[in-house]
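See below for the structure under consideration.
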Amino acid sequence: MSGPADRARRVLIEAPADLLLDRLGDELARDFGITEIELYQVDYRLSVLLPLGDGEPLTGPGHPAWRCFDHQEPIVASGVGWFPVGMRGERRGVLRLAPAPADSDAVDQLAAAATALGHELAAVSAGTDVYRAARRARRLTLAAEMQWELLPGRSRVRPSFSLAGQLEPAYAVRGDSFDWSDDGHRLWLSTINGTGEGVAASMLTSLATHALRNARRGGLTLADQAALADQAIYALHGGEQHLSALLMELDLASGRLTVVDAGSPRLLRLRDGEVAEQVLEKQFPLGMFEGTDYQEQHFDLRRDDRLFVVSDGVIDATGGDVRYGETALDRFLRRTGPMAPLDAVRSLIGDLRAFVAGDLIDDAVVVCLDWTGPQP
């Protein structure tokens, strides 16, 4: 006989894409007496939890919903339960259920149902705009819409690594981007520092990203991935347009890091509480010249090393006449040691917003990668 979580999972699989919450609510009402259900999704800026229905947005960091989101564990307060919604480290938001049972086994069952909802949201989102539209606090620019659709997600967790990335200004980003993929043995990560304005910048980044994916999926080495993307951009633009990129491949068993620096964003390492810039051999940006021969570099990571990739939009952010700069960046990165990568990325972007007193004007991308060491 299946348990409540199994029944909830089956109901979600069989539900129409736009009725996931309704069908889940009906099932939880029968099993747990739940009378109120609402999905709150985190917005593109990672700054507000937005309801799928008619509820009020949640912004306060001390709210139980945010504690649930930040710590990724159920929170029961004043008869209301908050449960993390996500999949494989990708945090989508929280599920509000009331009245919340006090029994710990029931709470665990409801947490499992919320996780099943996260998986099903990922499965159906390609075929409906219901959930994407509800995630935005304001309208995205066309370029930003293209950029967010290009991303693999915002966070990823596996036993041997954890990583996260964020784009800013979230609702108007143009050319900065990131991409990743892993096969259980290796992790590939690319970070692009885009150029240009509006849709043109987004189209250039899209071309580079798809060229890199095509090469990666074809089994090419990291240097050859860079070469193929370089050729694709040069063939279309003849050197008149190009962009900077940092390509990395991490062997998850050994911590061996392979890097190709194509005029890239900065690579910083946090080790034992100290920040150091990884010195890279700077090579030509993708698409600048015909037939560039890219060279790989190799580094060895230590267990629990943290890497940050930041574009020039972070360093060059200005508040008044003052530049954020390397000193402020290094000082802030040292403080992120206890944080999960997504929280570290969100905190850094928040610090930048506070520094400039609003959204950034220029594009900025931040990616954080933890290698936790080889796993059995």
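Residue numbers start at 1 in each chain; chains themselves are named A, B, ... in the order of the structure tokens; ligands are numbered from 1 in the order shown.
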
Practice item. Using DSSP on the backbone, list every residue of range 25-261 of chain A that comes out as strand (DSSP E or B), and give them as JSON, numbers by chain. Key: {"A": [36, 37, 38, 39, 40, 41, 42, 49, 50, 51, 58, 75, 76, 77, 80, 81, 82, 83, 84, 85, 86, 87, 90, 91, 92, 93, 94, 95, 96, 97, 98, 155, 156, 157, 158, 161, 162, 163, 164, 165, 166, 167, 168, 177, 178, 179, 180, 181, 182, 186, 187, 188, 189, 190, 191, 192, 193, 243, 244, 245, 246, 247, 248, 249, 250, 251, 256, 257, 258, 259, 260, 261]}

List every residue of range 112-226 of chain A that has an atom at most 10 Å from any atom of range 32-51 of chain A, and for each one report the closest atom pair and its distance in Å to one decimal, counting only C-alpha atoms, with rows sorted by chain and then by increasing residue number, as JSON lines.
```
{"residue": "A:Ala114", "atom": "CA", "partner": "A:Leu39", "partner_atom": "CA", "distance": 9.5}
{"residue": "A:Leu117", "atom": "CA", "partner": "A:Leu39", "partner_atom": "CA", "distance": 9.6}
{"residue": "A:Tyr131", "atom": "CA", "partner": "A:Gln41", "partner_atom": "CA", "distance": 8.3}
{"residue": "A:Arg132", "atom": "CA", "partner": "A:Gln41", "partner_atom": "CA", "distance": 9.2}
{"residue": "A:Ala134", "atom": "CA", "partner": "A:Leu50", "partner_atom": "CA", "distance": 6.9}
{"residue": "A:Arg135", "atom": "CA", "partner": "A:Asp43", "partner_atom": "CA", "distance": 4.8}
{"residue": "A:Arg136", "atom": "CA", "partner": "A:Asp43", "partner_atom": "CA", "distance": 5.4}
{"residue": "A:Ala137", "atom": "CA", "partner": "A:Asp43", "partner_atom": "CA", "distance": 6.6}
{"residue": "A:Arg138", "atom": "CA", "partner": "A:Asp43", "partner_atom": "CA", "distance": 9.5}
{"residue": "A:Leu140", "atom": "CA", "partner": "A:Tyr44", "partner_atom": "CA", "distance": 9.3}
{"residue": "A:Trp148", "atom": "CA", "partner": "A:Tyr44", "partner_atom": "CA", "distance": 8.7}
{"residue": "A:Arg154", "atom": "CA", "partner": "A:Tyr44", "partner_atom": "CA", "distance": 9.8}
{"residue": "A:Gln166", "atom": "CA", "partner": "A:Arg45", "partner_atom": "CA", "distance": 8.3}
{"residue": "A:Leu167", "atom": "CA", "partner": "A:Arg45", "partner_atom": "CA", "distance": 8.2}
{"residue": "A:Glu168", "atom": "CA", "partner": "A:Arg45", "partner_atom": "CA", "distance": 7.7}
{"residue": "A:Pro169", "atom": "CA", "partner": "A:Arg45", "partner_atom": "CA", "distance": 7.8}
{"residue": "A:Ala170", "atom": "CA", "partner": "A:Arg45", "partner_atom": "CA", "distance": 5.4}
{"residue": "A:Tyr171", "atom": "CA", "partner": "A:Tyr44", "partner_atom": "CA", "distance": 7.1}
```

Check your understanding: Can you list every residue in range 99-202 of chain A that DSSP puts in alpha helix (DSSP H), as JSON, numbers by chain?
Key -> {"A": [104, 105, 106, 107, 108, 109, 110, 111, 112, 113, 114, 115, 116, 117, 118, 119, 120, 121, 122, 123, 124, 130, 131, 132, 133, 134, 142, 143, 144, 145, 146, 147, 148, 149, 150, 198, 199, 200, 201, 202]}

What are the nearest atom pairs, with distances in Å to one decimal, for all residues of range 76-156 of chain A that come at most 7 Å from range 11-27 of chain A, using only C-alpha atoms, set out by chain and rising residue number as a Markdown table?
```
| residue | atom | partner | partner_atom | distance |
| --- | --- | --- | --- | --- |
| A:Leu117 | CA | A:Leu12 | CA | 6.9 |
| A:Glu120 | CA | A:Leu12 | CA | 6.8 |
| A:Val124 | CA | A:Ala17 | CA | 5.7 |
| A:Thr128 | CA | A:Ala17 | CA | 6.9 |
| A:Val130 | CA | A:Asp18 | CA | 6.5 |
```

Exercise for review: Find the residues around Arg266 in chain A up to 7 Å (only C-alpha atoms counted), leave out those fewer than 4 positions away in its own chain, and share them as a PyMOL selection string.
Suggested key: chain A and resi 309-311

Check your understanding: With only C-alpha atoms as the atoms that count, which of A:Val199, A:Val259, A:Asp183, A:His237 lies nearest to Gly219 in chain A?
Key ->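 Using only C-alpha atoms, Gly219 in chain A sits closest to A:Asp183.
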
Exercise for review: Find the spatial neighbours of Ala106 in chain A, counting only C-alpha atoms, within a cut-off of 9 Å - ignore same-chain residues fewer than 5 positions away - and output them as number ranges by chain.
Suggested key: A: 4, 32, 100-101, 111

Exercise for review: For Phe178 in chain A, work out the shell of residues within 9 Å, counting only C-alpha atoms and skipping chain neighbours fewer than 5 positions away, then give it as a list in words.
Suggested key: Leu150, Leu151, Pro152, Gly165, Gln166, Leu167, Leu189, Ser190, Thr191, Ile192, Asn193, Thr209, Val365, Val366 and Val367 of chain A

Writing out the chosen residues with N, CA, C and O atoms as a PDB file, in the first residue's frame:
```pdb
ATOM      1  N   LEU A 150      18.193  30.567 -21.334  1.00  0.00           N
ATOM      2  CA  LEU A 150      19.415  29.900 -21.748  1.00  0.00           C
ATOM      3  C   LEU A 150      20.098  29.146 -20.603  1.00  0.00           C
ATOM      4  O   LEU A 150      20.889  28.242 -20.830  1.00  0.00           O
ATOM      5  N   LEU A 151      19.774  29.508 -19.361  1.00  0.00           N
ATOM      6  CA  LEU A 151      20.502  28.976 -18.208  1.00  0.00           C
ATOM      7  C   LEU A 151      20.106  27.531 -17.883  1.00  0.00           C
ATOM      8  O   LEU A 151      18.957  27.131 -18.100  1.00  0.00           O
ATOM      9  N   PRO A 152      21.036  26.757 -17.305  1.00  0.00           N
ATOM     10  CA  PRO A 152      20.710  25.396 -16.881  1.00  0.00           C
ATOM     11  C   PRO A 152      19.959  25.364 -15.555  1.00  0.00           C
ATOM     12  O   PRO A 152      19.426  24.332 -15.148  1.00  0.00           O
ATOM     13  N   GLY A 165      24.770  30.215  -9.528  1.00  0.00           N
ATOM     14  CA  GLY A 165      25.098  31.407 -10.306  1.00  0.00           C
ATOM     15  C   GLY A 165      23.929  32.364 -10.315  1.00  0.00           C
ATOM     16  O   GLY A 165      22.782  31.976 -10.070  1.00  0.00           O
ATOM     17  N   GLN A 166      24.222  33.632 -10.597  1.00  0.00           N
ATOM     18  CA  GLN A 166      23.183  34.651 -10.649  1.00  0.00           C
ATOM     19  C   GLN A 166      23.583  35.740 -11.641  1.00  0.00           C
ATOM     20  O   GLN A 166      24.774  36.051 -11.794  1.00  0.00           O
ATOM     21  N   LEU A 167      22.584  36.300 -12.317  1.00  0.00           N
ATOM     22  CA  LEU A 167      22.769  37.394 -13.269  1.00  0.00           C
ATOM     23  C   LEU A 167      22.174  38.673 -12.700  1.00  0.00           C
ATOM     24  O   LEU A 167      21.150  38.646 -12.024  1.00  0.00           O
ATOM     25  N   LEU A 189      31.864  23.803 -16.655  1.00  0.00           N
ATOM     26  CA  LEU A 189      31.293  25.095 -16.264  1.00  0.00           C
ATOM     27  C   LEU A 189      31.858  26.170 -17.172  1.00  0.00           C
ATOM     28  O   LEU A 189      33.075  26.296 -17.320  1.00  0.00           O
ATOM     29  N   SER A 190      30.985  26.940 -17.803  1.00  0.00           N
ATOM     30  CA  SER A 190      31.421  28.072 -18.616  1.00  0.00           C
ATOM     31  C   SER A 190      30.741  29.340 -18.109  1.00  0.00           C
ATOM     32  O   SER A 190      29.566  29.321 -17.734  1.00  0.00           O
ATOM     33  N   THR A 191      31.506  30.418 -18.077  1.00  0.00           N
ATOM     34  CA  THR A 191      30.989  31.717 -17.660  1.00  0.00           C
ATOM     35  C   THR A 191      31.326  32.728 -18.737  1.00  0.00           C
ATOM     36  O   THR A 191      32.491  32.823 -19.164  1.00  0.00           O
ATOM     37  N   ILE A 192      30.327  33.455 -19.196  1.00  0.00           N
ATOM     38  CA  ILE A 192      30.499  34.386 -20.308  1.00  0.00           C
ATOM     39  C   ILE A 192      30.328  35.814 -19.824  1.00  0.00           C
ATOM     40  O   ILE A 192      29.347  36.139 -19.144  1.00  0.00           O
ATOM     41  N   ASN A 193      31.292  36.648 -20.175  1.00  0.00           N
ATOM     42  CA  ASN A 193      31.219  38.083 -19.932  1.00  0.00           C
ATOM     43  C   ASN A 193      30.842  38.727 -21.255  1.00  0.00           C
ATOM     44  O   ASN A 193      31.701  38.992 -22.097  1.00  0.00           O
ATOM     45  N   THR A 209      26.993  30.012 -26.348  1.00  0.00           N
ATOM     46  CA  THR A 209      26.563  28.951 -25.433  1.00  0.00           C
ATOM     47  C   THR A 209      26.185  27.685 -26.190  1.00  0.00           C
ATOM     48  O   THR A 209      26.582  26.571 -25.817  1.00  0.00           O
ATOM     49  N   VAL A 365      27.848  38.917 -13.644  1.00  0.00           N
ATOM     50  CA  VAL A 365      27.567  37.501 -13.414  1.00  0.00           C
ATOM     51  C   VAL A 365      28.478  37.029 -12.285  1.00  0.00           C
ATOM     52  O   VAL A 365      29.651  37.395 -12.221  1.00  0.00           O
ATOM     53  N   VAL A 366      27.905  36.245 -11.383  1.00  0.00           N
ATOM     54  CA  VAL A 366      28.666  35.643 -10.287  1.00  0.00           C
ATOM     55  C   VAL A 366      28.342  34.148 -10.262  1.00  0.00           C
ATOM     56  O   VAL A 366      27.161  33.767 -10.270  1.00  0.00           O
ATOM     57  N   VAL A 367      29.376  33.328 -10.248  1.00  0.00           N
ATOM     58  CA  VAL A 367      29.218  31.879 -10.128  1.00  0.00           C
ATOM     59  C   VAL A 367      30.090  31.405  -8.978  1.00  0.00           C
ATOM     60  O   VAL A 367      31.239  31.846  -8.836  1.00  0.00           O
TER      61      VAL A 367
END
```

Point to revise | Residue nearest Lys282 in chain A among A:Asp304, A:Ala245, A:Ile315, A:Ala116 (counting only C-alpha atoms) | key: A:Ala245

Study note, to complete from the structure: Using only C-alpha atoms, the residue out of A:Glu56, A:Glu274, A:Glu249, A:Glu290 with shortest distance to Ala229 in chain A is A:Glu290

Show me, as a PDB file with all heavy atoms, in the first residue's frame, the residues that have an atom within 10 Å of range 251-254 of chain A when counting only C-alpha atoms, minus same-chain residues fewer than 4 positions from it.
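Output below, filename around27.pdb:
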```
ATOM      1  N   PRO A 159      26.880  15.065  -4.337  1.00  0.00           N
ATOM      2  CA  PRO A 159      27.746  14.773  -3.191  1.00  0.00           C
ATOM      3  C   PRO A 159      29.152  15.351  -3.305  1.00  0.00           C
ATOM      4  O   PRO A 159      29.758  15.715  -2.307  1.00  0.00           O
ATOM      5  CB  PRO A 159      27.774  13.238  -3.171  1.00  0.00           C
ATOM      6  CG  PRO A 159      26.472  12.833  -3.781  1.00  0.00           C
ATOM      7  CD  PRO A 159      26.207  13.846  -4.849  1.00  0.00           C
ATOM      8  N   SER A 160      29.696  15.472  -4.516  1.00  0.00           N
ATOM      9  CA  SER A 160      31.073  15.925  -4.683  1.00  0.00           C
ATOM     10  C   SER A 160      31.200  17.417  -4.990  1.00  0.00           C
ATOM     11  O   SER A 160      32.315  17.949  -4.977  1.00  0.00           O
ATOM     12  CB  SER A 160      31.767  15.129  -5.790  1.00  0.00           C
ATOM     13  OG  SER A 160      31.003  15.163  -6.976  1.00  0.00           O
ATOM     14  N   PHE A 161      30.105  18.082  -5.285  1.00  0.00           N
ATOM     15  CA  PHE A 161      30.194  19.513  -5.567  1.00  0.00           C
ATOM     16  C   PHE A 161      28.853  20.197  -5.324  1.00  0.00           C
ATOM     17  O   PHE A 161      27.798  19.564  -5.253  1.00  0.00           O
ATOM     18  CB  PHE A 161      30.655  19.787  -7.009  1.00  0.00           C
ATOM     19  CG  PHE A 161      29.604  19.502  -8.059  1.00  0.00           C
ATOM     20  CD1 PHE A 161      28.675  20.467  -8.434  1.00  0.00           C
ATOM     21  CD2 PHE A 161      29.549  18.269  -8.683  1.00  0.00           C
ATOM     22  CE1 PHE A 161      27.711  20.203  -9.399  1.00  0.00           C
ATOM     23  CE2 PHE A 161      28.585  17.988  -9.653  1.00  0.00           C
ATOM     24  CZ  PHE A 161      27.664  18.961 -10.003  1.00  0.00           C
ATOM     25  N   ASP A 182      27.142  18.062 -15.827  1.00  0.00           N
ATOM     26  CA  ASP A 182      28.006  17.056 -15.216  1.00  0.00           C
ATOM     27  C   ASP A 182      27.503  15.676 -15.600  1.00  0.00           C
ATOM     28  O   ASP A 182      26.329  15.491 -15.944  1.00  0.00           O
ATOM     29  CB  ASP A 182      28.040  17.219 -13.693  1.00  0.00           C
ATOM     30  CG  ASP A 182      26.800  16.671 -13.010  1.00  0.00           C
ATOM     31  OD1 ASP A 182      25.816  17.418 -12.866  1.00  0.00           O
ATOM     32  OD2 ASP A 182      26.809  15.483 -12.629  1.00  0.00           O
ATOM     33  N   ASP A 183      28.426  14.706 -15.565  1.00  0.00           N
ATOM     34  CA  ASP A 183      28.053  13.323 -15.893  1.00  0.00           C
ATOM     35  C   ASP A 183      28.367  12.369 -14.751  1.00  0.00           C
ATOM     36  O   ASP A 183      28.431  11.147 -14.951  1.00  0.00           O
ATOM     37  CB  ASP A 183      28.761  12.862 -17.172  1.00  0.00           C
ATOM     38  CG  ASP A 183      30.277  12.820 -17.040  1.00  0.00           C
ATOM     39  OD1 ASP A 183      30.787  13.118 -15.942  1.00  0.00           O
ATOM     40  OD2 ASP A 183      30.950  12.491 -18.037  1.00  0.00           O
ATOM     41  N   GLY A 184      28.558  12.904 -13.531  1.00  0.00           N
ATOM     42  CA  GLY A 184      28.895  12.079 -12.388  1.00  0.00           C
ATOM     43  C   GLY A 184      30.384  11.892 -12.196  1.00  0.00           C
ATOM     44  O   GLY A 184      30.827  11.522 -11.102  1.00  0.00           O
ATOM     45  N   HIS A 185      31.159  12.142 -13.245  1.00  0.00           N
ATOM     46  CA  HIS A 185      32.614  12.028 -13.169  1.00  0.00           C
ATOM     47  C   HIS A 185      33.301  13.373 -13.383  1.00  0.00           C
ATOM     48  O   HIS A 185      34.340  13.646 -12.796  1.00  0.00           O
ATOM     49  CB  HIS A 185      33.125  11.024 -14.210  1.00  0.00           C
ATOM     50  CG  HIS A 185      32.506   9.674 -14.093  1.00  0.00           C
ATOM     51  ND1 HIS A 185      32.858   8.785 -13.101  1.00  0.00           N
ATOM     52  CD2 HIS A 185      31.542   9.063 -14.837  1.00  0.00           C
ATOM     53  CE1 HIS A 185      32.147   7.662 -13.246  1.00  0.00           C
ATOM     54  NE2 HIS A 185      31.342   7.813 -14.283  1.00  0.00           N
ATOM     55  N   ARG A 186      32.707  14.196 -14.239  1.00  0.00           N
ATOM     56  CA  ARG A 186      33.273  15.503 -14.545  1.00  0.00           C
ATOM     57  C   ARG A 186      32.178  16.568 -14.511  1.00  0.00           C
ATOM     58  O   ARG A 186      31.010  16.284 -14.793  1.00  0.00           O
ATOM     59  CB  ARG A 186      33.931  15.500 -15.929  1.00  0.00           C
ATOM     60  CG  ARG A 186      35.176  14.644 -16.041  1.00  0.00           C
ATOM     61  CD  ARG A 186      35.605  14.497 -17.494  1.00  0.00           C
ATOM     62  NE  ARG A 186      34.600  13.770 -18.273  1.00  0.00           N
ATOM     63  CZ  ARG A 186      34.657  13.608 -19.591  1.00  0.00           C
ATOM     64  NH1 ARG A 186      35.651  14.126 -20.278  1.00  0.00           N
ATOM     65  NH2 ARG A 186      33.719  12.931 -20.224  1.00  0.00           N
ATOM     66  N   LEU A 187      32.585  17.754 -14.179  1.00  0.00           N
ATOM     67  CA  LEU A 187      31.707  18.914 -14.215  1.00  0.00           C
ATOM     68  C   LEU A 187      32.278  19.916 -15.199  1.00  0.00           C
ATOM     69  O   LEU A 187      33.468  20.249 -15.129  1.00  0.00           O
ATOM     70  CB  LEU A 187      31.602  19.556 -12.829  1.00  0.00           C
ATOM     71  CG  LEU A 187      30.971  20.952 -12.762  1.00  0.00           C
ATOM     72  CD1 LEU A 187      29.485  20.893 -13.101  1.00  0.00           C
ATOM     73  CD2 LEU A 187      31.194  21.579 -11.387  1.00  0.00           C
ATOM     74  N   TRP A 188      31.451  20.374 -16.127  1.00  0.00           N
ATOM     75  CA  TRP A 188      31.849  21.430 -17.058  1.00  0.00           C
ATOM     76  C   TRP A 188      31.130  22.711 -16.667  1.00  0.00           C
ATOM     77  O   TRP A 188      29.919  22.698 -16.400  1.00  0.00           O
ATOM     78  CB  TRP A 188      31.482  21.063 -18.490  1.00  0.00           C
ATOM     79  CG  TRP A 188      32.236  19.904 -19.037  1.00  0.00           C
ATOM     80  CD1 TRP A 188      33.427  19.925 -19.717  1.00  0.00           C
ATOM     81  CD2 TRP A 188      31.850  18.522 -18.984  1.00  0.00           C
ATOM     82  NE1 TRP A 188      33.799  18.648 -20.079  1.00  0.00           N
ATOM     83  CE2 TRP A 188      32.861  17.773 -19.643  1.00  0.00           C
ATOM     84  CE3 TRP A 188      30.760  17.843 -18.442  1.00  0.00           C
ATOM     85  CZ2 TRP A 188      32.797  16.387 -19.774  1.00  0.00           C
ATOM     86  CZ3 TRP A 188      30.695  16.472 -18.565  1.00  0.00           C
ATOM     87  CH2 TRP A 188      31.703  15.754 -19.220  1.00  0.00           C
ATOM     88  N   THR A 258      40.756  21.776 -15.194  1.00  0.00           N
ATOM     89  CA  THR A 258      41.258  22.207 -16.494  1.00  0.00           C
ATOM     90  C   THR A 258      40.561  23.508 -16.868  1.00  0.00           C
ATOM     91  O   THR A 258      39.349  23.623 -16.717  1.00  0.00           O
ATOM     92  CB  THR A 258      40.995  21.142 -17.567  1.00  0.00           C
ATOM     93  OG1 THR A 258      41.608  19.913 -17.162  1.00  0.00           O
ATOM     94  CG2 THR A 258      41.557  21.554 -18.918  1.00  0.00           C
ATOM     95  N   ASP A 300      45.210  21.916  -9.357  1.00  0.00           N
ATOM     96  CA  ASP A 300      44.672  20.921  -8.423  1.00  0.00           C
ATOM     97  C   ASP A 300      43.949  21.626  -7.286  1.00  0.00           C
ATOM     98  O   ASP A 300      44.532  22.469  -6.597  1.00  0.00           O
ATOM     99  CB  ASP A 300      45.802  20.052  -7.854  1.00  0.00           C
ATOM    100  CG  ASP A 300      46.390  19.117  -8.901  1.00  0.00           C
ATOM    101  OD1 ASP A 300      45.590  18.527  -9.660  1.00  0.00           O
ATOM    102  OD2 ASP A 300      47.627  18.992  -8.967  1.00  0.00           O
ATOM    103  N   LEU A 301      42.683  21.282  -7.105  1.00  0.00           N
ATOM    104  CA  LEU A 301      41.923  21.816  -5.987  1.00  0.00           C
ATOM    105  C   LEU A 301      42.115  20.941  -4.754  1.00  0.00           C
ATOM    106  O   LEU A 301      42.402  19.749  -4.865  1.00  0.00           O
ATOM    107  CB  LEU A 301      40.424  21.869  -6.333  1.00  0.00           C
ATOM    108  CG  LEU A 301      40.005  22.767  -7.491  1.00  0.00           C
ATOM    109  CD1 LEU A 301      38.481  22.765  -7.613  1.00  0.00           C
ATOM    110  CD2 LEU A 301      40.527  24.174  -7.330  1.00  0.00           C
ATOM    111  N   ARG A 302      41.942  21.545  -3.603  1.00  0.00           N
ATOM    112  CA  ARG A 302      41.924  20.809  -2.347  1.00  0.00           C
ATOM    113  C   ARG A 302      40.479  20.618  -1.908  1.00  0.00           C
ATOM    114  O   ARG A 302      39.600  21.407  -2.263  1.00  0.00           O
ATOM    115  CB  ARG A 302      42.687  21.575  -1.268  1.00  0.00           C
ATOM    116  CG  ARG A 302      44.167  21.773  -1.544  1.00  0.00           C
ATOM    117  CD  ARG A 302      44.807  22.541  -0.404  1.00  0.00           C
ATOM    118  NE  ARG A 302      46.195  22.927  -0.703  1.00  0.00           N
ATOM    119  CZ  ARG A 302      46.904  23.738   0.062  1.00  0.00           C
ATOM    120  NH1 ARG A 302      46.367  24.246   1.188  1.00  0.00           N
ATOM    121  NH2 ARG A 302      48.140  24.053  -0.275  1.00  0.00           N
ATOM    122  N   ARG A 303      40.256  19.602  -1.133  1.00  0.00           N
ATOM    123  CA  ARG A 303      38.913  19.365  -0.604  1.00  0.00           C
ATOM    124  C   ARG A 303      38.392  20.626   0.102  1.00  0.00           C
ATOM    125  O   ARG A 303      39.125  21.273   0.864  1.00  0.00           O
ATOM    126  CB  ARG A 303      38.941  18.196   0.380  1.00  0.00           C
ATOM    127  CG  ARG A 303      37.572  17.771   0.904  1.00  0.00           C
ATOM    128  CD  ARG A 303      37.732  16.727   1.995  1.00  0.00           C
ATOM    129  NE  ARG A 303      38.320  15.503   1.487  1.00  0.00           N
ATOM    130  CZ  ARG A 303      37.616  14.483   0.999  1.00  0.00           C
ATOM    131  NH1 ARG A 303      36.293  14.564   0.936  1.00  0.00           N
ATOM    132  NH2 ARG A 303      38.231  13.399   0.583  1.00  0.00           N
ATOM    133  N   TRP A 371      34.056  22.398  -4.344  1.00  0.00           N
ATOM    134  CA  TRP A 371      34.398  20.996  -4.537  1.00  0.00           C
ATOM    135  C   TRP A 371      34.556  20.377  -3.160  1.00  0.00           C
ATOM    136  O   TRP A 371      35.451  20.754  -2.399  1.00  0.00           O
ATOM    137  CB  TRP A 371      35.690  20.842  -5.343  1.00  0.00           C
ATOM    138  CG  TRP A 371      36.037  19.390  -5.569  1.00  0.00           C
ATOM    139  CD1 TRP A 371      35.289  18.461  -6.223  1.00  0.00           C
ATOM    140  CD2 TRP A 371      37.216  18.714  -5.142  1.00  0.00           C
ATOM    141  NE1 TRP A 371      35.925  17.242  -6.235  1.00  0.00           N
ATOM    142  CE2 TRP A 371      37.122  17.365  -5.568  1.00  0.00           C
ATOM    143  CE3 TRP A 371      38.347  19.099  -4.422  1.00  0.00           C
ATOM    144  CZ2 TRP A 371      38.104  16.427  -5.304  1.00  0.00           C
ATOM    145  CZ3 TRP A 371      39.335  18.153  -4.166  1.00  0.00           C
ATOM    146  CH2 TRP A 371      39.206  16.836  -4.620  1.00  0.00           C
ATOM    147  N   THR A 372      33.681  19.470  -2.816  1.00  0.00           N
ATOM    148  CA  THR A 372      33.671  18.896  -1.470  1.00  0.00           C
ATOM    149  C   THR A 372      34.515  17.639  -1.360  1.00  0.00           C
ATOM    150  O   THR A 372      34.614  17.047  -0.286  1.00  0.00           O
ATOM    151  CB  THR A 372      32.219  18.588  -1.027  1.00  0.00           C
ATOM    152  OG1 THR A 372      31.559  17.844  -2.060  1.00  0.00           O
ATOM    153  CG2 THR A 372      31.455  19.881  -0.814  1.00  0.00           C
ATOM    154  N   GLY A 373      35.109  17.234  -2.478  1.00  0.00           N
ATOM    155  CA  GLY A 373      36.021  16.092  -2.449  1.00  0.00           C
ATOM    156  C   GLY A 373      35.414  14.855  -3.068  1.00  0.00           C
ATOM    157  O   GLY A 373      34.199  14.766  -3.280  1.00  0.00           O
ATOM    158  N   PRO A 374      36.243  13.875  -3.392  1.00  0.00           N
ATOM    159  CA  PRO A 374      35.739  12.642  -4.013  1.00  0.00           C
ATOM    160  C   PRO A 374      34.801  11.904  -3.095  1.00  0.00           C
ATOM    161  O   PRO A 374      34.995  11.875  -1.875  1.00  0.00           O
ATOM    162  CB  PRO A 374      37.019  11.835  -4.291  1.00  0.00           C
ATOM    163  CG  PRO A 374      38.023  12.367  -3.334  1.00  0.00           C
ATOM    164  CD  PRO A 374      37.694  13.827  -3.154  1.00  0.00           C
ATOM    165  N   GLN A 375      33.775  11.299  -3.670  1.00  0.00           N
ATOM    166  CA  GLN A 375      32.783  10.563  -2.909  1.00  0.00           C
ATOM    167  C   GLN A 375      32.808   9.099  -3.320  1.00  0.00           C
ATOM    168  O   GLN A 375      33.139   8.769  -4.455  1.00  0.00           O
ATOM    169  CB  GLN A 375      31.386  11.150  -3.154  1.00  0.00           C
ATOM    170  CG  GLN A 375      31.285  12.636  -2.853  1.00  0.00           C
ATOM    171  CD  GLN A 375      31.518  12.972  -1.389  1.00  0.00           C
ATOM    172  OE1 GLN A 375      31.037  12.247  -0.520  1.00  0.00           O
ATOM    173  NE2 GLN A 375      32.247  14.036  -1.131  1.00  0.00           N
ATOM    174  N   PRO A 376      32.420   8.201  -2.404  1.00  0.00           N
ATOM    175  CA  PRO A 376      32.378   6.780  -2.751  1.00  0.00           C
ATOM    176  C   PRO A 376      31.435   6.516  -3.922  1.00  0.00           C
ATOM    177  O   PRO A 376      30.386   7.170  -3.994  1.00  0.00           O
ATOM    178  CB  PRO A 376      31.871   6.110  -1.463  1.00  0.00           C
ATOM    179  CG  PRO A 376      32.155   7.073  -0.375  1.00  0.00           C
ATOM    180  CD  PRO A 376      32.055   8.422  -0.990  1.00  0.00           C
TER     181      PRO A 376
END
```
